[in-house]
$ cat input_15.cif   # mmCIF, C-alpha atoms
data_entry
#
loop_
_atom_site.label_atom_id
_atom_site.label_comp_id
_atom_site.auth_asym_id
_atom_site.auth_seq_id
_atom_site.Cartn_x
_atom_site.Cartn_y
_atom_site.Cartn_z
CA MET A 1 -30.96 -136.30 77.99
CA THR A 2 -31.67 -135.93 81.69
CA LYS A 3 -29.91 -138.59 83.70
CA LEU A 4 -32.19 -140.40 86.09
CA THR A 5 -31.33 -142.24 89.23
CA LYS A 6 -30.73 -145.93 88.67
CA MET A 7 -33.57 -148.19 89.77
CA THR A 8 -32.99 -150.43 92.77
CA LEU A 9 -31.54 -153.77 91.71
CA THR A 10 -32.16 -155.87 94.83
CA PRO A 11 -32.91 -158.66 94.57
CA LEU A 12 -31.48 -159.13 91.09
CA ARG A 13 -34.16 -161.55 89.91
CA ALA A 14 -36.96 -159.17 90.88
CA ALA A 15 -35.22 -156.31 89.14
CA LEU A 16 -34.82 -158.27 85.94
CA ALA A 17 -38.47 -159.28 85.89
CA GLY A 18 -39.34 -155.65 86.28
CA ALA A 19 -36.88 -154.49 83.70
CA LEU A 20 -37.99 -157.10 81.29
CA ALA A 21 -43.41 -154.92 81.51
CA PHE A 22 -48.20 -152.40 79.26
CA ALA A 23 -51.68 -152.78 79.83
CA ALA A 24 -54.43 -150.93 77.99
CA PRO A 25 -56.67 -148.72 80.15
CA ALA A 26 -59.94 -150.47 80.94
CA ALA A 27 -61.97 -147.73 79.28
CA LEU A 28 -60.31 -148.45 75.94
CA LEU A 29 -60.89 -152.17 75.88
CA THR A 30 -63.08 -153.85 73.29
CA PRO A 31 -64.43 -157.42 73.31
CA VAL A 32 -61.93 -160.19 72.73
CA ALA A 33 -62.10 -161.90 69.34
CA PRO A 34 -63.68 -165.38 68.99
CA ALA A 35 -61.46 -168.40 69.57
CA VAL A 36 -60.76 -169.01 65.86
CA ALA A 37 -59.76 -165.38 65.32
CA GLN A 38 -57.58 -165.53 68.42
CA ALA A 39 -55.74 -168.56 67.07
CA ASP A 40 -55.19 -166.81 63.74
CA ARG A 41 -53.82 -163.70 65.44
CA LEU A 42 -51.54 -165.77 67.65
CA ASP A 43 -50.19 -167.39 64.49
CA GLU A 44 -49.61 -163.89 63.13
CA VAL A 45 -47.68 -162.92 66.24
CA VAL A 46 -45.55 -166.05 66.19
CA GLY A 47 -44.82 -165.44 62.48
CA ALA A 48 -43.86 -161.83 63.15
CA LEU A 49 -41.50 -162.73 65.99
CA ARG A 50 -39.95 -165.62 64.10
CA GLY A 51 -39.50 -163.31 61.11
CA ILE A 52 -37.03 -161.24 63.09
CA SER A 53 -33.61 -162.71 62.43
CA THR A 54 -31.84 -159.71 63.91
CA MET A 55 -33.06 -156.39 65.28
CA LYS A 56 -31.62 -153.28 66.83
CA ALA A 57 -33.73 -150.65 68.55
CA ASP A 58 -33.66 -147.88 71.11
CA PHE A 59 -35.63 -148.60 74.27
CA THR A 60 -37.13 -146.69 77.16
CA GLN A 61 -37.79 -148.65 80.33
CA THR A 62 -40.20 -147.22 82.91
CA ASP A 63 -40.96 -148.76 86.28
CA ARG A 64 -44.24 -148.57 88.18
CA ASN A 65 -43.04 -145.42 89.98
CA GLY A 66 -42.54 -143.59 86.68
CA GLN A 67 -38.74 -143.75 86.81
CA SER A 68 -37.19 -144.26 83.36
CA LEU A 69 -33.96 -145.46 81.83
CA ARG A 70 -32.92 -145.56 78.20
CA GLY A 71 -30.59 -147.71 76.19
CA ALA A 72 -29.97 -149.80 73.10
CA LEU A 73 -31.39 -153.26 72.42
CA THR A 74 -29.79 -155.87 70.17
CA LEU A 75 -31.57 -159.14 69.30
CA LYS A 76 -30.41 -162.12 67.28
CA ARG A 77 -32.10 -165.45 66.85
CA PRO A 78 -31.96 -167.97 68.25
CA GLY A 79 -32.18 -166.80 71.83
CA ARG A 80 -29.80 -163.86 71.96
CA ILE A 81 -30.63 -160.41 73.31
CA ARG A 82 -28.69 -157.55 74.88
CA PHE A 83 -29.94 -154.51 76.82
CA GLU A 84 -27.18 -151.91 76.94
CA TYR A 85 -28.29 -149.24 79.42
CA GLU A 86 -27.32 -145.59 79.52
CA LYS A 87 -24.24 -144.72 81.57
CA SER A 88 -26.30 -143.64 84.58
CA ALA A 89 -27.33 -147.29 85.04
CA ASN A 90 -24.20 -149.36 85.48
CA MET A 91 -25.87 -152.64 84.55
CA LEU A 92 -26.32 -155.01 81.64
CA VAL A 93 -28.85 -157.69 80.67
CA VAL A 94 -27.74 -160.25 78.09
CA ALA A 95 -28.86 -163.66 76.81
CA ASN A 96 -26.42 -165.92 74.97
CA GLY A 97 -28.88 -168.40 73.47
CA SER A 98 -29.56 -170.52 76.53
CA ARG A 99 -29.13 -168.40 79.65
CA LEU A 100 -30.20 -164.92 80.65
CA THR A 101 -27.68 -162.95 82.70
CA LEU A 102 -28.08 -159.79 84.75
CA VAL A 103 -24.82 -157.99 85.53
CA ASP A 104 -24.67 -155.27 88.18
CA TYR A 105 -21.35 -153.48 87.78
CA ASP A 106 -21.90 -151.30 90.84
CA VAL A 107 -21.69 -154.25 93.20
CA ASN A 108 -19.73 -156.62 90.90
CA GLN A 109 -22.56 -159.15 90.96
CA VAL A 110 -23.75 -161.56 88.26
CA GLN A 111 -26.89 -163.69 88.25
CA SER A 112 -27.88 -166.11 85.49
CA TRP A 113 -30.74 -168.51 84.86
CA PRO A 114 -32.37 -170.33 81.90
CA ILE A 115 -34.14 -168.09 79.40
CA SER A 116 -37.21 -170.29 79.73
CA ASN A 117 -37.52 -169.19 83.37
CA SER A 118 -37.92 -165.54 82.37
CA PRO A 119 -40.80 -163.58 80.81
CA LEU A 120 -38.40 -162.92 77.93
CA GLY A 121 -38.75 -166.56 76.91
CA ALA A 122 -41.88 -165.55 74.99
CA LEU A 123 -39.88 -163.04 72.96
CA LEU A 124 -36.93 -165.31 72.31
CA ASP A 125 -38.84 -168.56 71.74
CA PRO A 126 -42.33 -167.59 70.48
CA ARG A 127 -43.23 -171.02 69.03
CA ARG A 128 -42.96 -172.60 72.46
CA ASP A 129 -44.36 -169.86 74.68
CA VAL A 130 -46.70 -167.70 72.59
CA LYS A 131 -48.51 -170.58 70.91
CA ARG A 132 -48.84 -172.58 74.11
CA TYR A 133 -49.41 -169.90 76.73
CA GLY A 134 -50.43 -166.80 74.74
CA ARG A 135 -53.81 -165.12 75.13
CA LEU A 136 -55.09 -162.35 72.88
CA MET A 137 -55.94 -159.24 74.89
CA PRO A 138 -58.62 -156.70 73.89
CA THR A 139 -57.56 -153.40 72.31
CA ALA A 140 -59.51 -150.41 71.02
CA ASN A 141 -57.58 -150.23 67.75
CA PRO A 142 -57.82 -153.06 65.18
CA ASN A 143 -54.27 -152.24 64.09
CA VAL A 144 -52.94 -152.98 67.57
CA VAL A 145 -52.42 -156.59 68.67
CA SER A 146 -51.77 -157.37 72.33
CA VAL A 147 -50.80 -160.83 73.57
CA GLU A 148 -50.36 -161.83 77.20
CA VAL A 149 -48.06 -164.80 77.78
CA LYS A 150 -47.75 -166.69 81.06
CA ASP A 151 -47.42 -170.26 82.23
CA PRO A 152 -50.27 -170.81 84.73
CA LYS A 153 -48.40 -173.71 86.30
CA LYS A 154 -45.30 -171.60 86.96
CA PRO A 155 -46.41 -168.13 88.09
CA GLU A 156 -42.93 -167.47 89.48
CA TYR A 157 -41.73 -167.10 85.87
CA GLY A 158 -43.83 -163.95 85.53
CA THR A 159 -46.04 -162.60 82.76
CA ILE A 160 -45.19 -160.66 79.62
CA THR A 161 -47.64 -158.72 77.45
CA LEU A 162 -46.37 -158.04 73.92
CA ILE A 163 -47.79 -155.07 72.00
CA PHE A 164 -47.67 -154.97 68.19
CA VAL A 165 -48.79 -152.41 65.62
CA ARG A 166 -49.63 -153.43 62.07
CA ASP A 167 -46.90 -152.24 59.71
CA GLY A 168 -46.36 -153.74 56.26
CA ALA A 169 -42.64 -152.95 56.44
CA ALA A 170 -42.12 -155.03 59.59
CA PRO A 171 -41.52 -158.80 59.62
CA GLY A 172 -44.85 -160.59 59.33
CA GLY A 173 -46.60 -157.24 59.00
CA LEU A 174 -46.49 -156.61 62.77
CA GLU A 175 -44.01 -154.35 64.52
CA LEU A 176 -43.17 -155.04 68.14
CA THR A 177 -43.50 -151.64 69.81
CA SER A 178 -43.56 -152.41 73.55
CA TRP A 179 -44.00 -155.02 76.21
CA VAL A 180 -44.83 -155.28 79.88
CA ALA A 181 -43.15 -157.77 82.23
CA LEU A 182 -44.86 -158.52 85.52
CA ASP A 183 -43.10 -160.59 88.15
CA ALA A 184 -44.59 -162.76 90.90
CA GLN A 185 -44.55 -159.76 93.25
CA ASN A 186 -46.60 -157.68 90.77
CA LYS A 187 -43.65 -155.42 89.98
CA ARG A 188 -44.34 -153.97 86.56
CA THR A 189 -42.12 -152.14 84.09
CA THR A 190 -42.93 -150.97 80.58
CA VAL A 191 -40.35 -151.28 77.81
CA ARG A 192 -41.07 -149.20 74.69
CA LEU A 193 -39.09 -149.57 71.48
CA ALA A 194 -38.24 -146.98 68.83
CA ASN A 195 -36.09 -146.81 65.69
CA GLN A 196 -36.39 -150.55 65.04
CA ARG A 197 -33.96 -151.85 62.38
CA TYR A 198 -34.30 -155.38 61.04
CA GLY A 199 -31.87 -157.72 59.31
CA VAL A 200 -28.79 -155.83 60.47
CA ALA A 201 -25.42 -157.54 60.87
CA VAL A 202 -24.95 -158.65 64.47
CA PRO A 203 -21.92 -160.77 65.45
CA ASP A 204 -22.31 -163.43 68.13
CA SER A 205 -19.68 -161.57 70.15
CA ALA A 206 -22.27 -158.82 70.78
CA PHE A 207 -23.74 -161.09 73.46
CA ASN A 208 -20.54 -161.54 75.42
CA PHE A 209 -19.88 -159.57 78.57
CA ARG A 210 -17.02 -158.86 80.90
CA ASP A 211 -17.47 -160.54 84.26
CA PRO A 212 -17.16 -157.83 86.95
CA ARG A 213 -16.15 -160.44 89.52
CA ARG A 214 -12.81 -160.53 87.74
CA THR A 215 -12.53 -156.87 86.72
CA THR A 216 -14.32 -153.60 87.47
CA ARG A 217 -14.12 -152.34 83.90
CA ARG A 218 -17.43 -152.29 82.04
CA PRO A 219 -17.35 -153.80 78.52
CA ARG A 220 -17.68 -151.42 75.60
#
$ encode --input "input_15.cif" --output "structure tokens"
Amino acid sequence: MTKLTKMTLTPLRAALAGALAFAAPAALLTPVAPAVAQADRLDEVVGALRGISTMKADFTQTDRNGQSLRGALTLKRPGRIRFEYEKSANMLVVANGSRLTLVDYDVNQVQSWPISNSPLGALLDPRRDVKRYGRLMPTANPNVVSVEVKDPKKPEYGTITLIFVRDGAAPGGLELTSWVALDAQNKRTTVRLANQRYGVAVPDSAFNFRDPRRTTRRPR
């Protein structure tokens, strides 16, 4: 795999919002479903997300300049997620159930804030965010479901658009295939998933990390 230059991580909050964003081309859009159908599909999405007890997947993250990084994602409910990046990106994003933490090992810097203040809140707590703030987006394919989630009263938290494809083998019959996070500065990054595995054993210790302010060694 070709190693790509690590994306700029300053400021850390802006980088995380970017790391953690897919919009359909306008020419492919079809009319949005009626309100009742939208509510039913939002229920489907919430059911699919809540049906994921644990998940592992490979991910490719691409910023608005076309620069990409790859890595491994681990998710465990409630509220735990880990983005382990390839070695060319000496960084880590991890949530322990209540707080989301971005670790930059190059500069030995750590920043943490409540999960609810991040676009990832929709992924980690779909009952709260998707049901309350979700909006079905038009797609050209009836087997693709796209939901945009944002809190209009708190635009600084950013927006996330979740993309699902109908798959009977996935929890709730919908497989999460990608998402787009957009921060308050309109910095957008697409995260695409592959090789999703559900119901795998994931210990809570998978969401620990070594604090680089105390050591320069990266956790393995």
$ closest_residue --input "input_15.cif" --among "A:Lys154, A:Thr161, A:Tyr85, A:Asn117" --to "A:Asp104" --atoms "all atoms listed in the file"
A:Tyr85
$ closest_residue --input "input_15.cif" --among "A:Pro171, A:Gly71, A:Gly97, A:Gly134" --to "A:Ala57" --atoms "all atoms listed in the file"
A:Gly71
$ atom_distance --input "input_15.cif" --atom1 "atom CA of A:Ala206" --atom2 "atom CA of A:Arg82"
7.7 Å
$ closest_residue --input "input_15.cif" --among "A:Thr74, A:Ser116, A:Gln109, A:Ser205" --to "A:Asn90" --atoms "all atoms listed in the file"
A:Gln109
$ closest_residue --input "input_15.cif" --among "A:Phe83, A:Val103, A:Arg188, A:Lys131" --to "A:Phe59" --atoms "all atoms listed in the file"
A:Phe83
$ decode --input "input_15.cif" --residues "stretch 35-139 of chain A" --atoms "C-alpha atoms" --output "short mmCIF file (atom, residue, chain, number, x, y, z; two decimals), in the first residue's frame"
data_model
loop_
_atom_site.label_atom_id
_atom_site.label_comp_id
_atom_site.auth_asym_id
_atom_site.auth_seq_id
_atom_site.Cartn_x
_atom_site.Cartn_y
_atom_site.Cartn_z
CA ALA A 35 -42.95 12.26 6.00
CA VAL A 36 -44.44 8.92 7.09
CA ALA A 37 -41.98 6.97 4.92
CA GLN A 38 -39.14 9.10 6.28
CA ALA A 39 -40.11 8.25 9.85
CA ASP A 40 -40.23 4.55 8.99
CA ARG A 41 -36.80 4.66 7.38
CA LEU A 42 -35.34 6.56 10.31
CA ASP A 43 -36.69 3.80 12.56
CA GLU A 44 -34.96 1.31 10.28
CA VAL A 45 -31.68 3.17 10.60
CA VAL A 46 -31.91 3.42 14.37
CA GLY A 47 -32.71 -0.31 14.54
CA ALA A 48 -29.75 -1.16 12.31
CA LEU A 49 -27.32 0.92 14.37
CA ARG A 50 -28.64 -0.37 17.67
CA GLY A 51 -28.39 -3.91 16.30
CA ILE A 52 -24.62 -3.57 16.17
CA SER A 53 -23.31 -4.80 19.50
CA THR A 54 -19.74 -4.98 18.22
CA MET A 55 -18.18 -4.41 14.82
CA LYS A 56 -14.76 -4.46 13.24
CA ALA A 57 -14.04 -3.07 9.79
CA ASP A 58 -11.33 -1.66 7.58
CA PHE A 59 -11.72 2.02 6.74
CA THR A 60 -10.43 4.49 4.19
CA GLN A 61 -10.57 8.15 5.14
CA THR A 62 -10.35 10.77 2.39
CA ASP A 63 -10.23 14.51 2.95
CA ARG A 64 -11.60 17.20 0.65
CA ASN A 65 -8.22 17.44 -1.11
CA GLY A 66 -8.33 13.75 -2.06
CA GLN A 67 -5.67 12.71 0.45
CA SER A 68 -6.38 9.29 1.98
CA LEU A 69 -5.44 7.26 5.02
CA ARG A 70 -6.38 3.71 5.92
CA GLY A 71 -6.81 1.85 9.15
CA ALA A 72 -8.89 -0.46 11.30
CA LEU A 73 -12.10 0.47 13.12
CA THR A 74 -13.40 -1.23 16.25
CA LEU A 75 -16.85 -0.42 17.70
CA LYS A 76 -18.56 -1.66 20.83
CA ARG A 77 -21.78 -0.47 22.37
CA PRO A 78 -22.45 1.53 24.34
CA GLY A 79 -20.36 4.44 23.13
CA ARG A 80 -17.01 2.87 22.35
CA ILE A 81 -15.10 3.26 19.10
CA ARG A 82 -11.45 3.15 18.03
CA PHE A 83 -9.81 4.33 14.80
CA GLU A 84 -6.37 2.75 14.52
CA TYR A 85 -4.59 4.49 11.64
CA GLU A 86 -1.84 3.12 9.42
CA LYS A 87 1.72 3.69 10.59
CA SER A 88 2.19 6.71 8.32
CA ALA A 89 -0.33 8.59 10.47
CA ASN A 90 0.94 8.64 14.03
CA MET A 91 -2.46 9.36 15.56
CA LEU A 92 -5.38 7.64 17.25
CA VAL A 93 -9.07 8.43 17.77
CA VAL A 94 -10.84 6.56 20.57
CA ALA A 95 -14.07 6.85 22.57
CA ASN A 96 -14.41 5.13 25.94
CA GLY A 97 -18.18 5.36 26.37
CA SER A 98 -18.46 8.97 27.45
CA ARG A 99 -15.61 10.96 25.94
CA LEU A 100 -14.00 11.10 22.52
CA THR A 101 -10.23 11.51 22.49
CA LEU A 102 -7.86 12.48 19.70
CA VAL A 103 -4.22 11.57 20.32
CA ASP A 104 -1.44 13.05 18.18
CA TYR A 105 1.71 11.08 18.92
CA ASP A 106 3.89 13.30 16.74
CA VAL A 107 3.46 16.27 19.05
CA ASN A 108 2.52 14.33 22.22
CA GLN A 109 -0.84 16.07 22.39
CA VAL A 110 -4.21 14.80 23.64
CA GLN A 111 -7.61 16.46 23.30
CA SER A 112 -10.86 15.07 24.68
CA TRP A 113 -14.49 16.16 24.76
CA PRO A 114 -17.96 14.61 25.29
CA ILE A 115 -19.09 12.23 22.55
CA SER A 116 -22.32 14.20 22.30
CA ASN A 117 -20.32 17.22 21.08
CA SER A 118 -19.04 15.31 18.05
CA PRO A 119 -20.70 14.21 14.78
CA LEU A 120 -19.91 10.66 15.92
CA GLY A 121 -22.62 11.00 18.56
CA ALA A 122 -25.13 9.96 15.90
CA LEU A 123 -23.24 6.73 15.31
CA LEU A 124 -22.68 5.92 18.96
CA ASP A 125 -26.08 7.04 20.30
CA PRO A 126 -28.57 6.71 17.40
CA ARG A 127 -31.74 6.78 19.56
CA ARG A 128 -30.89 10.26 20.80
CA ASP A 129 -29.39 11.83 17.69
CA VAL A 130 -30.79 10.03 14.63
CA LYS A 131 -34.40 10.01 15.80
CA ARG A 132 -34.31 13.61 16.99
CA TYR A 133 -32.07 15.29 14.43
CA GLY A 134 -31.98 12.86 11.48
CA ARG A 135 -33.26 13.77 8.03
CA LEU A 136 -33.65 11.30 5.19
CA MET A 137 -31.65 12.39 2.14
CA PRO A 138 -32.59 11.56 -1.46
CA THR A 139 -30.73 8.77 -3.29
#
